[in-house]
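> Attaching a single structure in C-alpha cells format; questions to follow.
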Amino acid sequence: MFNETYKLSNGATIPKLGLGTWLLDDEQAEQAVRDAVSIGYRHIDTAQAYRNEAGVGKGIRSCGVAREELFITTKVAAEAKNYDAVTQSIDESLAKMGLDYIDLLIIHSPQPWNEFREENRYFKENKEVWRAMEDAYKTGKVKAIGLSNFLQDDVENILASCEIKPGVNQILAHVSNTPLELIEFCQKNDIIVEAYSPIAHGAILDHTEIKAIADKYGVSVAQLSLRYDIQLGLVVIPKTANPEHMRINAELDFVISDADMETLKNIEVIQNYGEHSFFPVFGGKIK
C-alpha cells in the first residue's frame, strides 16, 4: 500500500495512504510521525490550525528517513484571507517544522471556521490567498498547492482565474457521507480528492450494515472504509497515534465488489458524529 500513489496535475506524486494528525498535540504528533514512518508511511498531514506543526517537524527530522522520501502536507489557517497573512503563515509553517519546503500546501477552508458554510463565500479573498500560494510555489517553498472543504462553486472560483491549478481538494468523504457529485467534478478537472476522517471519526465503527460487509471480507470496518475511499480514487489520511492501528490501516490488499461498493455508496447518511459533532466539518458551529 505504501508504494501506491496518484499523480497530481503538476506531475508530482502523492501517496494514496497518509497519516492524519488532527487532535494530536506536539508530543503525540512527534511520536506518531516516527512510528508511522518506521511502519512504512511516507505521507504526513498536518495544519496550522492543529497547532502541532513543531511536533510533526521534530518527528520528520528524527525519523531516520531522508526528507525527499517524505510527502508533507500542511494547511493555511481558514482565517488567513489576504496575501500578506498567507505569505507570513507559510514562512511560519516552514520555521515551525524546520523544513526547507512543504510538499503540499492547501487552504484549510473557503471560509473562516466561525462562518463555515454561511452566506459570505469569500470568493474574492480566496483568489488572493491562492495568488500568495502560487507565488510560494514559484519560489519553491511549496511543491504543490490545493484546497480543502471547497464546494464546487468554491473550486470553480479558483479555476476561473488561477495560473496554477489546484492539485487536490481535501474533503470529508466516508461511507455514509460521500459527496459523489463533488468528487466527480474534481476528478473531471484533474483535481485529486483527499478524504479526511475516512472512518467518520470513529462514528461508524459499530454500524451494523457496514460491519456485516466488513465481516464478509474478513477485515475491520476501518479497513473497509479506507478501501472504499481508495476504490473511489481518493487519498485517505486516517488519524491515529496507535502504531497497531497504523499497521492495520495499511493492510488494504483486498477488493470490494462493485455490488458492495454500490451498497456502501447508498448507506443512510450519518446524522450524528457523537462527541465530535460540534466541529464545523461535522455540522457544528463555532460561536
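Going through the C-alpha cells in order, the chains are called A, B, and so on, while each chain numbers its residues from 1 and the ligands are numbered from 1 in the order shown.
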So which bits of range 23-246 of chain A end up strand (DSSP E) when you DSSP the backbone, as a ChimeraX atom specification?
/A:43-45,71-76,104-107,145-148,168-172,192-196,235-236
> Name all residues at most 9 Å from Val168 in chain A (count only C-alpha atoms; drop same-chain ones fewer than 4 positions away) and give them as an MDAnalysis selection string.
chainID A and resid 8:9 104 106 144:148 186 190:194
> Need to verify the contact set: Arg121 in chain A, 8 Å, only C-alpha atoms, exclusion of same-chain residues closer than 3 positions in sequence. Can you return it as a list in words?
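Final neighbour list, sorted by chain and number: Pro110, Gln111, Arg117, Glu118 and Asp154 of chain A.
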> Please, could you write that set of residues out with N, CA and C atoms as a PDB file, in the first residue's frame?

ATOM      1  N   PRO A 110     -12.741  27.383   2.745  1.00  0.00           N
ATOM      2  CA  PRO A 110     -13.046  28.582   1.962  1.00  0.00           C
ATOM      3  C   PRO A 110     -13.518  29.746   2.824  1.00  0.00           C
ATOM      4  N   GLN A 111     -13.970  29.458   4.027  1.00  0.00           N
ATOM      5  CA  GLN A 111     -14.432  30.492   4.958  1.00  0.00           C
ATOM      6  C   GLN A 111     -13.762  30.291   6.315  1.00  0.00           C
ATOM      7  N   ARG A 117     -19.712  27.595   5.836  1.00  0.00           N
ATOM      8  CA  ARG A 117     -20.944  27.315   5.077  1.00  0.00           C
ATOM      9  C   ARG A 117     -22.028  28.375   5.297  1.00  0.00           C
ATOM     10  N   GLU A 118     -21.612  29.585   5.669  1.00  0.00           N
ATOM     11  CA  GLU A 118     -22.573  30.676   5.794  1.00  0.00           C
ATOM     12  C   GLU A 118     -22.594  31.505   4.514  1.00  0.00           C
ATOM     13  N   ASP A 154     -16.905  26.977  -5.018  1.00  0.00           N
ATOM     14  CA  ASP A 154     -15.655  27.476  -4.448  1.00  0.00           C
ATOM     15  C   ASP A 154     -14.470  27.087  -5.337  1.00  0.00           C
TER      16      ASP A 154
END
> Check the smallest atom-to-atom distance from each of A:Glu184, A:Ala200, A:Arg42, A:Ile107 to Pro166 in chain A using only C-alpha atoms, then report the winner.
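Nearest to Pro166 in chain A: A:Ile107.
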> Could you pull the residues within 9 Å of Gln28 in chain A, counting only C-alpha atoms, minus those fewer than 4 positions along the same chain, as a list in words?
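With the cut-off at 9 Å, the set is Thr21, Leu24, Ala32, Val33, Asn52, Gly55, Val56 and Ala241 of chain A.
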> List the neighbours of range 203-215 of chain A out to 12 Å using only C-alpha atoms; skip same-chain residues closer than 5 positions along the sequence, and give me the result as an mmCIF file with N, CA and C atoms, in the first residue's frame.

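Output file selection-v3.cif is given in full below:
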data_model
loop_
_atom_site.group_PDB
_atom_site.id
_atom_site.type_symbol
_atom_site.label_atom_id
_atom_site.label_comp_id
_atom_site.auth_asym_id
_atom_site.auth_seq_id
_atom_site.Cartn_x
_atom_site.Cartn_y
_atom_site.Cartn_z
ATOM 1 N N HIS A 174 -16.610 9.655 3.416
ATOM 2 C CA HIS A 174 -16.545 8.318 4.011
ATOM 3 C C HIS A 174 -17.855 7.585 3.780
ATOM 4 N N VAL A 175 -17.860 6.292 4.042
ATOM 5 C CA VAL A 175 -19.094 5.522 3.968
ATOM 6 C C VAL A 175 -20.127 6.202 4.861
ATOM 7 N N SER A 176 -21.304 6.450 4.331
ATOM 8 C CA SER A 176 -22.438 7.127 4.975
ATOM 9 C C SER A 176 -22.386 8.644 4.835
ATOM 10 N N ASN A 177 -21.363 9.154 4.153
ATOM 11 C CA ASN A 177 -21.304 10.587 3.845
ATOM 12 C C ASN A 177 -20.301 10.791 2.723
ATOM 13 N N SER A 197 -10.935 12.202 7.798
ATOM 14 C CA SER A 197 -11.884 11.428 8.621
ATOM 15 C C SER A 197 -12.522 10.304 7.788
ATOM 16 N N PRO A 198 -11.703 9.492 7.097
ATOM 17 C CA PRO A 198 -12.261 8.455 6.213
ATOM 18 C C PRO A 198 -12.980 7.337 6.966
ATOM 19 N N SER A 220 -11.630 -5.241 9.162
ATOM 20 C CA SER A 220 -12.309 -4.363 10.115
ATOM 21 C C SER A 220 -13.130 -3.314 9.366
ATOM 22 N N VAL A 221 -14.044 -2.661 10.082
ATOM 23 C CA VAL A 221 -14.809 -1.566 9.490
ATOM 24 C C VAL A 221 -13.861 -0.466 9.025
ATOM 25 N N ALA A 222 -12.813 -0.216 9.802
ATOM 26 C CA ALA A 222 -11.823 0.801 9.413
ATOM 27 C C ALA A 222 -11.163 0.448 8.080
ATOM 28 N N GLN A 223 -10.733 -0.798 7.944
ATOM 29 C CA GLN A 223 -10.088 -1.223 6.698
ATOM 30 C C GLN A 223 -11.061 -1.132 5.520
ATOM 31 N N LEU A 224 -12.299 -1.573 5.728
ATOM 32 C CA LEU A 224 -13.308 -1.495 4.669
ATOM 33 C C LEU A 224 -13.526 -0.043 4.255
ATOM 34 N N SER A 225 -13.601 0.856 5.233
ATOM 35 C CA SER A 225 -13.850 2.268 4.956
ATOM 36 C C SER A 225 -12.716 2.886 4.149
ATOM 37 N N LEU A 226 -11.487 2.538 4.497
ATOM 38 C CA LEU A 226 -10.334 3.069 3.773
ATOM 39 C C LEU A 226 -10.290 2.521 2.347
ATOM 40 N N ARG A 227 -10.540 1.222 2.210
ATOM 41 C CA ARG A 227 -10.534 0.616 0.883
ATOM 42 C C ARG A 227 -11.635 1.210 -0.001
ATOM 43 N N TYR A 228 -12.783 1.486 0.586
ATOM 44 C CA TYR A 228 -13.913 2.099 -0.132
ATOM 45 C C TYR A 228 -13.478 3.428 -0.752
ATOM 46 N N LEU A 252 -4.582 -3.231 3.173
ATOM 47 C CA LEU A 252 -5.760 -2.984 2.331
ATOM 48 C C LEU A 252 -5.704 -3.752 1.016
ATOM 49 N N PHE A 254 -7.231 -6.017 -0.493
ATOM 50 C CA PHE A 254 -8.442 -6.745 -0.878
ATOM 51 C C PHE A 254 -9.245 -5.812 -1.772
ATOM 52 N N VAL A 255 -10.219 -6.354 -2.461
ATOM 53 C CA VAL A 255 -11.023 -5.544 -3.386
ATOM 54 C C VAL A 255 -12.497 -5.702 -3.050
ATOM 55 N N ILE A 256 -13.158 -4.576 -2.862
ATOM 56 C CA ILE A 256 -14.598 -4.590 -2.605
ATOM 57 C C ILE A 256 -15.319 -4.764 -3.936
ATOM 58 N N SER A 257 -16.281 -5.660 -3.995
ATOM 59 C CA SER A 257 -17.005 -5.910 -5.242
ATOM 60 C C SER A 257 -17.814 -4.683 -5.654
ATOM 61 N N ALA A 259 -20.897 -4.567 -6.469
ATOM 62 C CA ALA A 259 -22.195 -4.591 -5.795
ATOM 63 C C ALA A 259 -22.080 -4.041 -4.380
ATOM 64 N N ASP A 260 -21.028 -4.447 -3.669
ATOM 65 C CA ASP A 260 -20.848 -3.951 -2.299
ATOM 66 C C ASP A 260 -20.466 -2.470 -2.292
ATOM 67 N N MET A 261 -19.737 -2.018 -3.312
ATOM 68 C CA MET A 261 -19.433 -0.583 -3.412
ATOM 69 C C MET A 261 -20.727 0.219 -3.564
ATOM 70 N N GLU A 262 -21.641 -0.292 -4.378
ATOM 71 C CA GLU A 262 -22.919 0.412 -4.559
ATOM 72 C C GLU A 262 -23.710 0.446 -3.250
ATOM 73 N N THR A 263 -23.687 -0.660 -2.539
ATOM 74 C CA THR A 263 -24.375 -0.692 -1.234
ATOM 75 C C THR A 263 -23.769 0.330 -0.288
ATOM 76 N N LEU A 264 -22.440 0.392 -0.245
ATOM 77 C CA LEU A 264 -21.750 1.317 0.657
ATOM 78 C C LEU A 264 -22.000 2.776 0.261
ATOM 79 N N LYS A 265 -22.092 3.026 -1.052
ATOM 80 C CA LYS A 265 -22.391 4.389 -1.508
ATOM 81 C C LYS A 265 -23.771 4.844 -1.047
ATOM 82 N N ASN A 266 -24.652 3.887 -0.841
ATOM 83 C CA ASN A 266 -26.040 4.220 -0.538
ATOM 84 C C ASN A 266 -26.433 3.966 0.909
ATOM 85 N N ILE A 267 -25.450 3.758 1.774
ATOM 86 C CA ILE A 267 -25.737 3.660 3.200
ATOM 87 C C ILE A 267 -26.384 4.966 3.665
ATOM 88 N N GLU A 268 -27.360 4.867 4.530
ATOM 89 C CA GLU A 268 -28.061 6.060 5.024
ATOM 90 C C GLU A 268 -27.062 7.089 5.568
ATOM 91 N N VAL A 269 -27.279 8.344 5.209
ATOM 92 C CA VAL A 269 -26.353 9.419 5.598
ATOM 93 C C VAL A 269 -26.305 9.559 7.118
ATOM 94 N N ILE A 270 -25.094 9.627 7.634
ATOM 95 C CA ILE A 270 -24.894 9.750 9.075
ATOM 96 C C ILE A 270 -25.503 11.055 9.598
ATOM 97 N N GLN A 271 -26.158 10.981 10.732
ATOM 98 C CA GLN A 271 -26.819 12.151 11.307
ATOM 99 C C GLN A 271 -26.074 12.711 12.514
ATOM 100 N N ASN A 272 -25.204 11.903 13.111
ATOM 101 C CA ASN A 272 -24.607 12.319 14.378
ATOM 102 C C ASN A 272 -23.184 11.784 14.494
ATOM 103 N N TYR A 273 -22.230 12.702 14.679
ATOM 104 C CA TYR A 273 -20.835 12.316 14.876
ATOM 105 C C TYR A 273 -20.471 12.268 16.354
ATOM 106 N N GLY A 274 -21.479 12.118 17.210
ATOM 107 C CA GLY A 274 -21.244 11.950 18.636
ATOM 108 C C GLY A 274 -20.570 13.148 19.266
ATOM 109 N N GLU A 275 -19.582 12.869 20.094
ATOM 110 C CA GLU A 275 -18.914 13.939 20.846
ATOM 111 C C GLU A 275 -18.186 14.933 19.949
ATOM 112 N N HIS A 276 -17.984 14.574 18.684
ATOM 113 C CA HIS A 276 -17.259 15.459 17.771
ATOM 114 C C HIS A 276 -18.194 16.288 16.890
ATOM 115 N N SER A 277 -19.490 16.194 17.119
ATOM 116 C CA SER A 277 -20.472 16.867 16.269
ATOM 117 C C SER A 277 -20.369 18.382 16.291
ATOM 118 N N PHE A 282 -18.332 18.634 10.799
ATOM 119 C CA PHE A 282 -19.323 17.617 11.124
ATOM 120 C C PHE A 282 -20.710 18.232 11.364
#
> Provide the CA of Ile102 in chain A to CA of Gln187 in chain A distance in Å, to one decimal place.
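Computed distance, CA of Ile102 in chain A to CA of Gln187 in chain A, equals 23.4 Å.
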